>>> print(open('structure.txt').read())   # compact mmCIF, C-alpha atoms and all ligand atoms
# COMPACT_ATOMS: atom_id res chain seq x y z
CA MET A 1 -8.69 -33.77 6.01
CA LEU A 2 -12.11 -33.91 4.32
CA LYS A 3 -14.56 -31.02 4.38
CA CYS A 4 -18.33 -31.49 4.11
CA ILE A 5 -19.23 -33.23 0.87
CA ARG A 6 -21.40 -31.38 -1.62
CA PRO A 7 -22.74 -32.39 -5.04
CA LEU A 8 -20.50 -31.66 -8.00
CA HIS A 9 -21.46 -29.22 -10.73
CA TRP A 10 -19.77 -28.89 -14.11
CA GLU A 11 -18.56 -25.41 -13.08
CA ASP A 12 -16.61 -27.04 -10.26
CA ILE A 13 -14.96 -29.42 -12.65
CA VAL A 14 -13.81 -26.59 -14.92
CA LEU A 15 -12.64 -24.44 -12.01
CA ASN A 16 -10.96 -27.38 -10.36
CA GLN A 17 -8.82 -27.99 -13.44
CA ASP A 18 -6.64 -25.03 -12.48
CA LEU A 19 -6.53 -26.10 -8.85
CA PHE A 20 -5.56 -29.67 -9.82
CA ARG A 21 -2.75 -28.33 -11.97
CA GLU A 22 -1.46 -25.82 -9.45
CA ALA A 23 -1.64 -28.32 -6.60
CA ALA A 24 0.14 -31.11 -8.46
CA SER A 25 2.86 -28.80 -9.68
CA PHE A 26 3.45 -27.41 -6.18
CA ILE A 27 3.55 -30.87 -4.58
CA ARG A 28 6.02 -32.16 -7.20
CA ILE A 29 8.43 -29.25 -6.88
CA SER A 30 8.29 -28.86 -3.11
CA TYR A 31 8.54 -32.59 -2.37
CA LYS A 32 11.58 -32.78 -4.62
CA GLU A 33 13.21 -29.88 -2.77
CA LEU A 34 12.38 -31.60 0.50
CA HIS A 35 14.01 -34.84 -0.75
CA ARG A 36 10.84 -36.92 -0.44
CA GLN A 37 10.54 -40.33 -2.10
CA GLU A 38 8.87 -40.36 -5.52
CA GLN A 39 6.22 -42.80 -4.32
CA GLU A 40 5.35 -40.54 -1.42
CA THR A 41 4.98 -37.62 -3.83
CA GLU A 42 2.65 -39.53 -6.15
CA ASN A 43 0.58 -40.79 -3.20
CA ARG A 44 0.18 -37.29 -1.89
CA ILE A 45 -0.89 -36.00 -5.30
CA GLN A 46 -3.52 -38.73 -5.51
CA GLU A 47 -4.74 -37.84 -2.03
CA VAL A 48 -4.98 -34.14 -2.92
CA MET A 49 -6.83 -34.92 -6.17
CA GLU A 50 -9.35 -37.00 -4.24
CA GLU A 51 -9.86 -34.26 -1.68
CA ILE A 52 -10.43 -31.68 -4.42
CA ARG A 53 -12.84 -34.02 -6.19
CA LEU A 54 -14.88 -34.51 -3.04
CA THR A 55 -14.78 -31.05 -1.49
CA GLY A 56 -13.69 -28.64 -4.21
CA THR A 57 -10.52 -27.73 -2.33
CA TYR A 58 -7.72 -29.22 -0.22
CA SER A 59 -5.59 -28.36 2.81
CA HIS A 60 -1.84 -28.31 3.13
CA THR A 61 0.11 -30.35 5.63
CA TYR A 62 2.24 -28.25 7.96
CA GLU A 63 5.37 -29.04 5.93
CA GLU A 64 3.71 -28.02 2.67
CA LEU A 65 2.60 -24.76 4.25
CA GLU A 66 6.03 -24.11 5.72
CA HIS A 67 7.96 -24.83 2.55
CA GLY A 68 5.37 -23.06 0.37
CA ALA A 69 5.67 -19.85 2.41
CA LYS A 70 9.46 -20.05 2.11
CA MET A 71 9.25 -20.60 -1.66
CA ALA A 72 6.91 -17.61 -1.90
CA TRP A 73 9.59 -15.44 -0.28
CA ARG A 74 12.25 -16.92 -2.57
CA ASN A 75 10.08 -15.97 -5.56
CA SER A 76 9.42 -12.38 -4.43
CA ASN A 77 10.93 -10.40 -7.30
CA ARG A 78 11.03 -7.10 -5.46
CA CYS A 79 12.84 -8.37 -2.36
CA ILE A 80 16.60 -7.88 -2.04
CA GLY A 81 16.70 -9.92 1.22
CA ARG A 82 15.88 -13.31 -0.27
CA LEU A 83 19.16 -15.01 0.74
CA PHE A 84 17.45 -15.80 4.05
CA TRP A 85 14.31 -17.40 2.57
CA ASP A 86 14.95 -20.77 4.18
CA SER A 87 15.20 -19.29 7.70
CA LEU A 88 11.55 -18.16 7.77
CA THR A 89 9.60 -19.29 10.85
CA VAL A 90 6.08 -20.33 9.84
CA PHE A 91 3.28 -20.16 12.39
CA ASP A 92 0.33 -22.32 11.37
CA ARG A 93 -2.73 -20.44 12.67
CA ARG A 94 -5.29 -22.00 10.34
CA ASP A 95 -7.32 -23.32 13.26
CA LEU A 96 -8.18 -19.90 14.69
CA ALA A 97 -11.83 -18.94 14.41
CA THR A 98 -12.39 -15.58 16.08
CA GLU A 99 -11.04 -12.05 15.72
CA VAL A 100 -9.70 -12.06 19.28
CA GLU A 101 -7.79 -15.28 18.69
CA ILE A 102 -6.28 -13.77 15.57
CA ARG A 103 -5.34 -10.60 17.43
CA ASP A 104 -3.56 -12.64 20.09
CA ALA A 105 -1.71 -14.64 17.42
CA LEU A 106 -0.61 -11.35 15.84
CA PHE A 107 0.66 -10.12 19.22
CA GLN A 108 2.60 -13.37 19.64
CA HIS A 109 4.04 -13.01 16.14
CA ILE A 110 5.15 -9.42 16.85
CA ASN A 111 6.77 -10.51 20.10
CA PHE A 112 8.57 -13.50 18.52
CA ALA A 113 9.80 -11.52 15.51
CA THR A 114 10.95 -8.49 17.50
CA ASN A 115 12.92 -10.65 19.94
CA GLU A 116 14.24 -7.56 21.78
CA GLY A 117 15.89 -6.34 18.58
CA LYS A 118 17.42 -9.58 17.31
CA ILE A 119 14.79 -9.75 14.59
CA ARG A 120 13.55 -13.13 13.33
CA PRO A 121 11.76 -13.40 9.94
CA ALA A 122 8.36 -15.01 10.46
CA ILE A 123 4.89 -15.45 8.96
CA SER A 124 1.54 -16.27 10.55
CA VAL A 125 -0.85 -18.09 8.24
CA PHE A 126 -4.56 -17.87 8.99
CA ARG A 127 -7.46 -19.86 7.51
CA GLN A 128 -7.41 -20.26 3.73
CA LYS A 129 -9.95 -18.52 1.52
CA ASN A 130 -12.90 -20.52 0.18
CA SER A 131 -15.65 -19.62 -2.28
CA GLU A 132 -17.68 -17.73 0.33
CA ASN A 133 -15.31 -16.73 3.08
CA GLU A 134 -12.00 -15.09 3.83
CA VAL A 135 -10.04 -13.57 6.70
CA ARG A 136 -8.56 -10.11 6.09
CA ILE A 137 -6.28 -7.86 8.06
CA TRP A 138 -7.09 -4.34 6.91
CA ASN A 139 -3.77 -2.84 8.08
CA HIS A 140 -1.03 -2.42 5.48
CA GLN A 141 1.54 -3.27 8.19
CA LEU A 142 0.80 -4.54 11.70
CA ILE A 143 2.79 -1.62 13.11
CA ARG A 144 2.37 1.65 11.23
CA TYR A 145 2.01 5.33 12.10
CA ALA A 146 -1.27 7.19 11.64
CA GLY A 147 -1.69 10.13 9.28
CA TYR A 148 -4.16 12.98 9.91
CA GLU A 149 -5.44 15.75 7.69
CA THR A 150 -5.35 18.96 9.82
CA GLU A 151 -5.82 22.70 9.15
CA CYS A 152 -2.06 23.11 9.09
CA GLY A 153 -1.42 20.22 6.73
CA ILE A 154 -0.87 16.53 7.19
CA LEU A 155 0.31 15.25 10.58
CA GLY A 156 2.09 11.89 10.71
CA ASP A 157 2.43 9.45 7.82
CA PRO A 158 0.51 10.53 4.70
CA HIS A 159 0.57 6.90 3.55
CA SER A 160 -1.88 6.06 6.36
CA LEU A 161 -4.51 8.78 5.68
CA ASP A 162 -7.30 6.51 4.38
CA PHE A 163 -6.72 3.75 6.90
CA THR A 164 -6.55 6.25 9.78
CA ARG A 165 -9.86 7.80 8.68
CA LYS A 166 -11.40 4.32 8.64
CA CYS A 167 -10.17 3.69 12.19
CA GLU A 168 -11.60 7.04 13.31
CA GLU A 169 -14.95 6.19 11.73
CA MET A 170 -14.91 3.11 13.92
CA GLY A 171 -14.43 5.23 17.02
CA TRP A 172 -10.64 5.17 17.37
CA ARG A 173 -8.83 8.33 18.46
CA GLY A 174 -5.06 8.70 18.23
CA GLU A 175 -3.01 10.86 20.56
CA GLY A 176 -2.27 13.26 17.73
CA THR A 177 1.52 12.94 17.48
CA ARG A 178 3.51 12.36 14.27
CA PHE A 179 4.08 8.78 15.39
CA ASP A 180 0.79 7.32 16.68
CA VAL A 181 0.73 3.55 16.27
CA LEU A 182 -2.49 2.51 14.50
CA PRO A 183 -4.86 -0.14 15.89
CA LEU A 184 -5.44 -3.54 14.27
CA LEU A 185 -8.51 -4.06 12.09
CA ILE A 186 -9.37 -7.74 11.68
CA GLN A 187 -12.20 -8.99 9.49
CA ILE A 188 -13.67 -12.48 9.24
CA ASP A 189 -15.97 -13.55 6.40
CA GLY A 190 -17.36 -10.17 5.37
CA ASN A 191 -18.44 -9.20 8.89
CA THR A 192 -17.74 -5.70 10.18
CA PRO A 193 -14.04 -5.69 11.09
CA LYS A 194 -13.13 -5.65 14.78
CA LEU A 195 -10.76 -2.96 16.02
CA TYR A 196 -8.09 -3.62 18.63
CA GLU A 197 -5.64 -1.15 20.13
CA MET A 198 -2.01 -2.19 19.60
CA GLU A 199 -0.25 -3.46 22.74
CA LYS A 200 2.21 -0.64 23.50
CA GLU A 201 4.87 -2.85 25.12
CA LEU A 202 5.11 -4.92 21.92
CA VAL A 203 6.17 -1.99 19.74
CA LEU A 204 9.94 -1.60 19.66
CA GLU A 205 10.99 1.79 18.28
CA VAL A 206 14.36 3.40 17.58
CA PRO A 207 14.86 7.10 18.31
CA LEU A 208 17.10 8.65 15.67
CA ARG A 209 20.37 10.37 16.48
CA HIS A 210 23.53 10.98 14.45
CA PRO A 211 27.15 9.96 15.16
CA GLU A 212 28.43 13.55 14.55
CA TYR A 213 25.48 15.96 14.45
CA LYS A 214 24.31 16.60 18.01
CA TRP A 215 21.25 18.55 16.78
CA PHE A 216 19.90 15.48 15.00
CA ALA A 217 18.34 13.92 18.11
CA GLU A 218 16.48 17.17 18.82
CA MET A 219 14.34 16.65 15.72
CA ASP A 220 12.65 13.87 17.76
CA LEU A 221 12.46 11.43 14.90
CA LYS A 222 12.05 7.71 15.30
CA TRP A 223 10.90 4.62 13.42
CA TYR A 224 9.52 1.25 14.46
CA ALA A 225 11.93 -1.70 14.45
CA VAL A 226 10.06 -4.34 12.43
CA PRO A 227 8.11 -4.14 9.16
CA PHE A 228 5.19 -6.63 9.14
CA ILE A 229 3.42 -6.60 5.75
CA SER A 230 -0.15 -7.66 6.50
CA ASP A 231 -2.22 -6.89 3.39
CA MET A 232 -0.78 -9.35 0.87
CA ARG A 233 -2.19 -12.70 -0.23
CA LEU A 234 -0.03 -15.80 -0.05
CA GLU A 235 -0.70 -18.29 -2.83
CA ILE A 236 0.57 -21.88 -2.55
CA GLY A 237 -0.45 -24.69 -4.90
CA GLY A 238 -3.66 -22.90 -5.91
CA ILE A 239 -4.69 -22.23 -2.29
CA GLU A 240 -5.12 -18.59 -1.26
CA TYR A 241 -4.18 -17.29 2.17
CA THR A 242 -5.67 -13.79 2.30
CA ALA A 243 -4.38 -13.19 5.83
CA ALA A 244 -0.72 -14.17 6.12
CA PRO A 245 1.28 -11.32 7.66
CA PHE A 246 5.05 -11.67 7.40
CA ASN A 247 8.14 -9.80 8.52
CA GLY A 248 11.83 -9.50 7.81
CA TRP A 249 14.12 -6.76 9.09
CA TYR A 250 14.63 -3.34 7.56
CA MET A 251 17.17 -2.25 4.98
CA GLY A 252 18.17 1.25 6.15
CA THR A 253 17.14 3.01 2.94
CA GLU A 254 13.51 1.95 3.34
CA ILE A 255 13.34 4.30 6.31
CA GLY A 256 16.04 6.87 5.50
CA ALA A 257 15.56 7.27 1.75
CA ARG A 258 11.80 6.64 1.49
CA ASN A 259 9.61 6.70 4.62
CA LEU A 260 11.22 9.78 6.13
CA ALA A 261 12.45 11.37 2.89
CA ASP A 262 9.81 11.07 0.14
CA GLU A 263 7.95 14.33 -0.47
CA PHE A 264 4.70 12.40 -0.13
CA ARG A 265 5.78 10.79 3.16
CA TYR A 266 7.53 12.55 6.09
CA HIS A 267 9.35 14.93 3.69
CA LEU A 268 12.26 15.69 6.02
CA LEU A 269 15.05 16.57 3.59
CA PRO A 270 14.49 20.38 3.62
CA LEU A 271 14.52 20.42 7.44
CA ILE A 272 17.70 18.35 7.64
CA ALA A 273 19.41 20.37 4.91
CA ASP A 274 18.65 23.59 6.80
CA GLN A 275 20.08 22.15 10.01
CA MET A 276 23.19 21.20 8.04
CA GLY A 277 23.47 24.75 6.73
CA LEU A 278 23.20 23.74 3.07
CA ASN A 279 22.16 26.07 0.28
CA ARG A 280 18.67 25.05 -0.79
CA ASN A 281 18.52 27.78 -3.46
CA LYS A 282 20.47 25.77 -5.97
CA ASN A 283 20.07 22.14 -6.88
CA SER A 284 23.77 21.98 -7.67
CA SER A 285 24.65 22.35 -4.00
CA LEU A 286 23.41 18.72 -3.84
CA TRP A 287 21.57 19.58 -0.61
CA LYS A 288 19.06 16.76 -1.15
CA ASP A 289 21.80 14.18 -1.68
CA ARG A 290 23.82 15.36 1.33
CA ALA A 291 20.77 15.41 3.59
CA LEU A 292 19.80 11.94 2.35
CA VAL A 293 23.20 10.48 3.18
CA GLU A 294 23.20 11.88 6.73
CA LEU A 295 19.61 10.80 7.38
CA ASN A 296 20.53 7.28 6.27
CA ALA A 297 23.70 7.34 8.36
CA SER A 298 21.54 8.27 11.34
CA VAL A 299 19.10 5.39 10.75
CA LEU A 300 21.92 2.80 10.53
CA HIS A 301 23.81 4.30 13.48
CA SER A 302 20.74 4.39 15.75
CA PHE A 303 19.55 0.85 14.95
CA ASN A 304 23.09 -0.50 15.37
CA GLU A 305 23.62 1.29 18.67
CA ASP A 306 20.28 -0.05 19.99
CA LYS A 307 21.18 -3.58 18.78
CA VAL A 308 18.15 -3.74 16.51
CA THR A 309 18.75 -5.78 13.34
CA ILE A 310 19.09 -3.66 10.19
CA VAL A 311 21.08 -4.02 6.97
CA ASP A 312 22.72 -1.30 4.88
CA HIS A 313 22.11 -1.41 1.13
CA HIS A 314 25.69 -2.37 0.23
CA THR A 315 25.62 -5.42 2.50
CA ALA A 316 22.10 -6.31 1.32
CA ALA A 317 23.28 -6.20 -2.30
CA SER A 318 26.24 -8.51 -1.51
CA GLN A 319 23.85 -10.88 0.23
CA PHE A 320 21.62 -10.79 -2.84
CA ARG A 321 24.63 -11.74 -4.96
CA VAL A 322 25.19 -14.79 -2.73
CA PHE A 323 21.49 -15.63 -3.17
CA GLU A 324 21.90 -15.48 -6.95
CA GLU A 325 24.91 -17.81 -6.77
CA LYS A 326 23.13 -20.27 -4.49
CA GLU A 327 20.07 -20.37 -6.71
CA LYS A 328 22.26 -21.02 -9.73
CA ALA A 329 23.94 -23.89 -7.86
CA ALA A 330 20.47 -25.31 -7.14
CA SER A 331 19.60 -25.05 -10.86
CA ARG A 332 16.87 -22.49 -10.25
CA ASP A 333 16.42 -19.26 -12.24
CA VAL A 334 16.35 -16.07 -10.18
CA THR A 335 13.53 -13.76 -11.22
CA GLY A 336 13.65 -10.14 -10.13
CA ASP A 337 12.16 -6.66 -10.53
CA TRP A 338 15.18 -4.45 -11.22
CA THR A 339 13.26 -1.25 -10.47
CA TRP A 340 12.68 -2.45 -6.90
CA LEU A 341 15.89 -4.38 -6.32
CA ILE A 342 18.18 -1.40 -6.85
CA PRO A 343 18.48 0.64 -3.63
CA PRO A 344 17.16 4.24 -3.75
CA ILE A 345 20.56 5.70 -2.86
CA SER A 346 23.81 4.98 -4.71
CA PRO A 347 22.21 2.25 -6.84
CA ALA A 348 25.12 2.16 -9.29
CA ALA A 349 27.47 1.31 -6.41
CA THR A 350 25.79 -2.14 -6.24
CA HIS A 351 26.14 -4.98 -8.79
CA ILE A 352 22.35 -5.16 -9.15
CA PHE A 353 22.32 -1.88 -11.11
CA HIS A 354 24.63 -3.37 -13.73
CA ASN A 355 22.63 -6.58 -14.14
CA SER A 356 19.25 -7.28 -15.65
CA TYR A 357 16.56 -9.54 -14.25
CA GLU A 358 13.64 -11.46 -15.72
CA ASN A 359 10.51 -10.15 -13.98
CA GLY A 360 8.44 -13.31 -14.47
CA ILE A 361 5.98 -14.53 -11.83
CA VAL A 362 6.77 -17.90 -10.27
CA LYS A 363 4.44 -19.41 -7.65
CA PRO A 364 4.16 -19.84 -4.69
CA ASN A 365 4.27 -16.07 -4.23
CA TYR A 366 2.84 -13.09 -2.37
CA PHE A 367 0.38 -10.92 -4.30
CA TYR A 368 -1.30 -7.57 -3.79
CA GLN A 369 -5.03 -7.84 -3.17
CA GLU A 370 -7.85 -5.36 -3.42
CA ARG A 371 -8.18 -3.04 -0.43
CA PRO A 372 -11.24 -4.02 1.61
CA TYR A 373 -12.03 -0.37 2.44
N1 LIG B 401 9.23 -0.68 2.63
C1 LIG B 401 8.34 -0.98 3.69
C2 LIG B 401 8.50 0.05 4.80
O1 LIG B 401 9.35 0.88 4.70
C3 LIG B 401 8.56 -2.36 4.24
C4 LIG B 401 8.57 -3.49 3.23
C5 LIG B 401 9.18 -4.77 3.73
N2 LIG B 401 10.56 -4.57 4.08
C6 LIG B 401 11.39 -5.50 4.60
N3 LIG B 401 12.58 -5.14 4.90
N4 LIG B 401 10.96 -6.72 4.82
O2 LIG B 401 7.85 0.05 5.80
>>> encode(input="structure.txt", output="structure tokens")
Amino acid sequence: MLKCIRPLHWEDIVLNQDLFREAASFIRISYKELHRQEQETENRIQEVMEEIRLTGTYSHTYEELEHGAKMAWRNSNRCIGRLFWDSLTVFDRRDLATEVEIRDALFQHINFATNEGKIRPAISVFRQKNSENEVRIWNHQLIRYAGYETECGILGDPHSLDFTRKCEEMGWRGEGTRFDVLPLLIQIDGNTPKLYEMEKELVLEVPLRHPEYKWFAEMDLKWYAVPFISDMRLEIGGIEYTAAPFNGWYMGTEIGARNLADEFRYHLLPLIADQMGLNRNKNSSLWKDRALVELNASVLHSFNEDKVTIVDHHTAASQFRVFEEKEKAASRDVTGDWTWLIPPISPAATHIFHNSYENGIVKPNYFYQERPY
């Protein structure tokens, strides 16, 4: 597909060197993985080179986009869930032009991925970045709880303080609970972002209870079913997708050992320890550890009982081991970030703890990008 033709400057030629290289390397590797003929691969590289020469950029075919997004997951050093990289569903939304269209595509993505609890990993890819323009979703995750600064401390998720303030500046008002779902903020090409309330029926949540402790449910805790990371940039063959929200399913510890437990998040360990009757006056009572285990047991129990997909960290680690074996069989090196791959509880009970990983960056991949606010 050819874009409008513009005159070439020497700056373009220098800049395009990198793009040529990245594009050719991506086409070679992905076409090989997809068992394409060598001639087809070389033809496609020629075609891409010509498109870059004429327009300064190029566009992926659907198959390139699909496989590139899967490779990017496979190369995500911090992700323990990579065994399932090839099962990613890729929605090609590059043709969407308006904020409302993007919102509706996001709603469709949420609905498809949630699937009444039988969670399906998916990504929606919106228009690629060019020298002047980009699409951005300002939310960190499509579904996330608000955080408010109040006279009696922080209400809700402290992680969302800045974003919540931004939404309020734009006229949004939450109900004022600990679990208010934030609205979507969608920005096209440097325009003021548009704000849309989240569709309530689309948000599946799991109320937390405990298999033995009856008092647990009375704490009125819950978490949303599906994590959709929406602020990362997908890079494939030198092309940048600045809006490409993706989801998997949760590993229990993300909720039970971090979101609800970190002192700078919901900070619930003291409350749970008190309910359990533990002695918080001495560290050696291991009150934090005991509270952590029961909070995590509650997360896994509640998701399982509600038939919402979740994985415990022991199973996730075994799956990661299978991933490592499969990659070895395919003659690919597994890169990894050990500090993220080990689970936050009982890390030494998994094989990952006793291994080491090369934390090198392989592309395609997902990258952090500067916050737009
Ligand atoms: N850790 C993040 C959270 O707790 C979610 C990151 C992505 N997690 C996943 N299982 N795909 O919300």
>>> axis_aligned_box(input="structure.txt", around="region 286-303 of chain A", padding_each_side="3 Å", output="lines of an AutoDock Vina configuration file")
center_x = 21.4
center_y = 10.2
center_z = 6.0
size_x = 10.8
size_y = 24.7
size_z = 25.6
>>> closest_atom_pairs(input="structure.txt", of="region 72-161 of chain A", to="region 317-324 of chain A", cutoff="7 Å", atoms="all atoms listed in the file", output="tab-separated table")
residue	atom	partner	partner_atom	distance
A:Ile80	CA	A:Phe320	CA	5.9
A:Gly81	CA	A:Phe320	CA	6.4
A:Arg82	CA	A:Phe323	CA	6.7
A:Leu83	CA	A:Phe323	CA	4.6
>>> residues_around(input="structure.txt", residues="Leu88 (chain A)", least_positions_apart="2", cutoff="7 Å", atoms="all atoms listed in the file", output="PDB file with C-alpha atoms, in the coordinates of the input")
ATOM      1  CA  LYS A  70       9.460 -20.050   2.110  1.00  0.00           C
ATOM      2  CA  TRP A  85      14.310 -17.400   2.570  1.00  0.00           C
ATOM      3  CA  ASP A  86      14.950 -20.770   4.180  1.00  0.00           C
ATOM      4  CA  VAL A  90       6.080 -20.330   9.840  1.00  0.00           C
ATOM      5  CA  PRO A 121      11.760 -13.400   9.940  1.00  0.00           C
ATOM      6  CA  ALA A 122       8.360 -15.010  10.460  1.00  0.00           C
TER       7      ALA A 122
END
>>> residues_near_ligand(input="structure.txt", ligand="ligand LIG 401 (chain B)", cutoff="6 Å", atoms="all atoms listed in the file", output="PyMOL selection string")
chain A and resi 227+247-251+254-255+259
>>> residues_around(input="structure.txt", residues="Arg178 (chain A)", least_positions_apart="6", cutoff="12 Å", atoms="all atoms listed in the file", output="list in words")
Arg144, Tyr145, Ala146, Gly147, Tyr148, Glu149, Thr150, Gly153, Ile154, Leu155, Gly156, Asp157, Pro158, Ser160, Met219, Asp220, Leu221, Lys222, Trp223, Leu260, Arg265 and Tyr266 of chain A
>>> residues_around(input="structure.txt", residues="region 140-142 of chain A", least_positions_apart="3", cutoff="6 Å", atoms="all atoms listed in the file", output="ChimeraX atom specification")
/A:228-231
>>> residues_near_point(input="structure.txt", point="(-13.0, -11.6, 7.3)", cutoff="7 Å", atoms="only C-alpha atoms", output="short mmCIF file (atom, residue, chain, number, x, y, z; two decimals) with C-alpha atoms, in the coordinates of the input")
data_model
loop_
_atom_site.label_atom_id
_atom_site.label_comp_id
_atom_site.auth_asym_id
_atom_site.auth_seq_id
_atom_site.Cartn_x
_atom_site.Cartn_y
_atom_site.Cartn_z
CA GLU A 134 -12.00 -15.09 3.83
CA VAL A 135 -10.04 -13.57 6.70
CA ARG A 136 -8.56 -10.11 6.09
CA ILE A 186 -9.37 -7.74 11.68
CA GLN A 187 -12.20 -8.99 9.49
CA ILE A 188 -13.67 -12.48 9.24
CA ASP A 189 -15.97 -13.55 6.40
CA GLY A 190 -17.36 -10.17 5.37
CA ASN A 191 -18.44 -9.20 8.89
#
>>> residues_near_point(input="structure.txt", point="(1.8, -8.9, 21.6)", cutoff="6 Å", atoms="only C-alpha atoms", output="PDB file with C-alpha atoms, keeping the file's coordinate frame")
ATOM      1  CA  PHE A 107       0.660 -10.120  19.220  1.00  0.00           C
ATOM      2  CA  GLN A 108       2.600 -13.370  19.640  1.00  0.00           C
ATOM      3  CA  ILE A 110       5.150  -9.420  16.850  1.00  0.00           C
ATOM      4  CA  ASN A 111       6.770 -10.510  20.100  1.00  0.00           C
ATOM      5  CA  GLU A 199      -0.250  -3.460  22.740  1.00  0.00           C
ATOM      6  CA  LEU A 202       5.110  -4.920  21.920  1.00  0.00           C
TER       7      LEU A 202
END
>>> atom_distance(input="structure.txt", atom1="CA of Ile143 (chain A)", atom2="CA of Tyr196 (chain A)")
12.4 Å
>>> build_atoms(input="structure.txt", residues="region 25-30 of chain A", atoms="all heavy atoms", output="short mmCIF file (atom, residue, chain, number, x, y, z; two decimals), in the frame of the given file")
data_model
loop_
_atom_site.label_atom_id
_atom_site.label_comp_id
_atom_site.auth_asym_id
_atom_site.auth_seq_id
_atom_site.Cartn_x
_atom_site.Cartn_y
_atom_site.Cartn_z
N SER A 25 1.57 -29.40 -9.38
CA SER A 25 2.86 -28.80 -9.68
C SER A 25 3.58 -28.39 -8.39
O SER A 25 4.78 -28.63 -8.24
CB SER A 25 2.66 -27.61 -10.62
OG SER A 25 3.60 -26.60 -10.37
N PHE A 26 2.83 -27.80 -7.45
CA PHE A 26 3.45 -27.41 -6.18
C PHE A 26 3.95 -28.63 -5.41
O PHE A 26 5.07 -28.63 -4.88
CB PHE A 26 2.46 -26.61 -5.32
CG PHE A 26 2.89 -26.49 -3.88
CD1 PHE A 26 4.03 -25.76 -3.55
CD2 PHE A 26 2.20 -27.14 -2.86
CE1 PHE A 26 4.46 -25.67 -2.23
CE2 PHE A 26 2.63 -27.06 -1.54
CZ PHE A 26 3.76 -26.32 -1.22
N ILE A 27 3.14 -29.68 -5.34
CA ILE A 27 3.55 -30.87 -4.58
C ILE A 27 4.82 -31.47 -5.20
O ILE A 27 5.79 -31.78 -4.50
CB ILE A 27 2.42 -31.94 -4.54
CG1 ILE A 27 1.16 -31.38 -3.88
CG2 ILE A 27 2.90 -33.21 -3.84
CD1 ILE A 27 1.23 -31.14 -2.41
N ARG A 28 4.84 -31.58 -6.53
CA ARG A 28 6.02 -32.16 -7.20
C ARG A 28 7.27 -31.38 -6.86
O ARG A 28 8.28 -31.94 -6.42
CB ARG A 28 5.84 -32.14 -8.72
CG ARG A 28 4.91 -33.19 -9.22
CD ARG A 28 5.41 -34.01 -10.40
NE ARG A 28 4.52 -35.17 -10.52
CZ ARG A 28 3.28 -35.08 -11.02
NH1 ARG A 28 2.84 -33.93 -11.51
NH2 ARG A 28 2.51 -36.14 -11.04
N ILE A 29 7.22 -30.05 -7.06
CA ILE A 29 8.43 -29.25 -6.88
C ILE A 29 8.86 -29.23 -5.42
O ILE A 29 10.03 -29.45 -5.09
CB ILE A 29 8.21 -27.80 -7.40
CG1 ILE A 29 7.95 -27.83 -8.91
CG2 ILE A 29 9.42 -26.93 -7.09
CD1 ILE A 29 7.43 -26.54 -9.47
N SER A 30 7.90 -29.00 -4.51
CA SER A 30 8.29 -28.86 -3.11
C SER A 30 8.77 -30.19 -2.53
O SER A 30 9.73 -30.23 -1.77
CB SER A 30 7.15 -28.26 -2.29
OG SER A 30 6.03 -29.09 -2.34
#
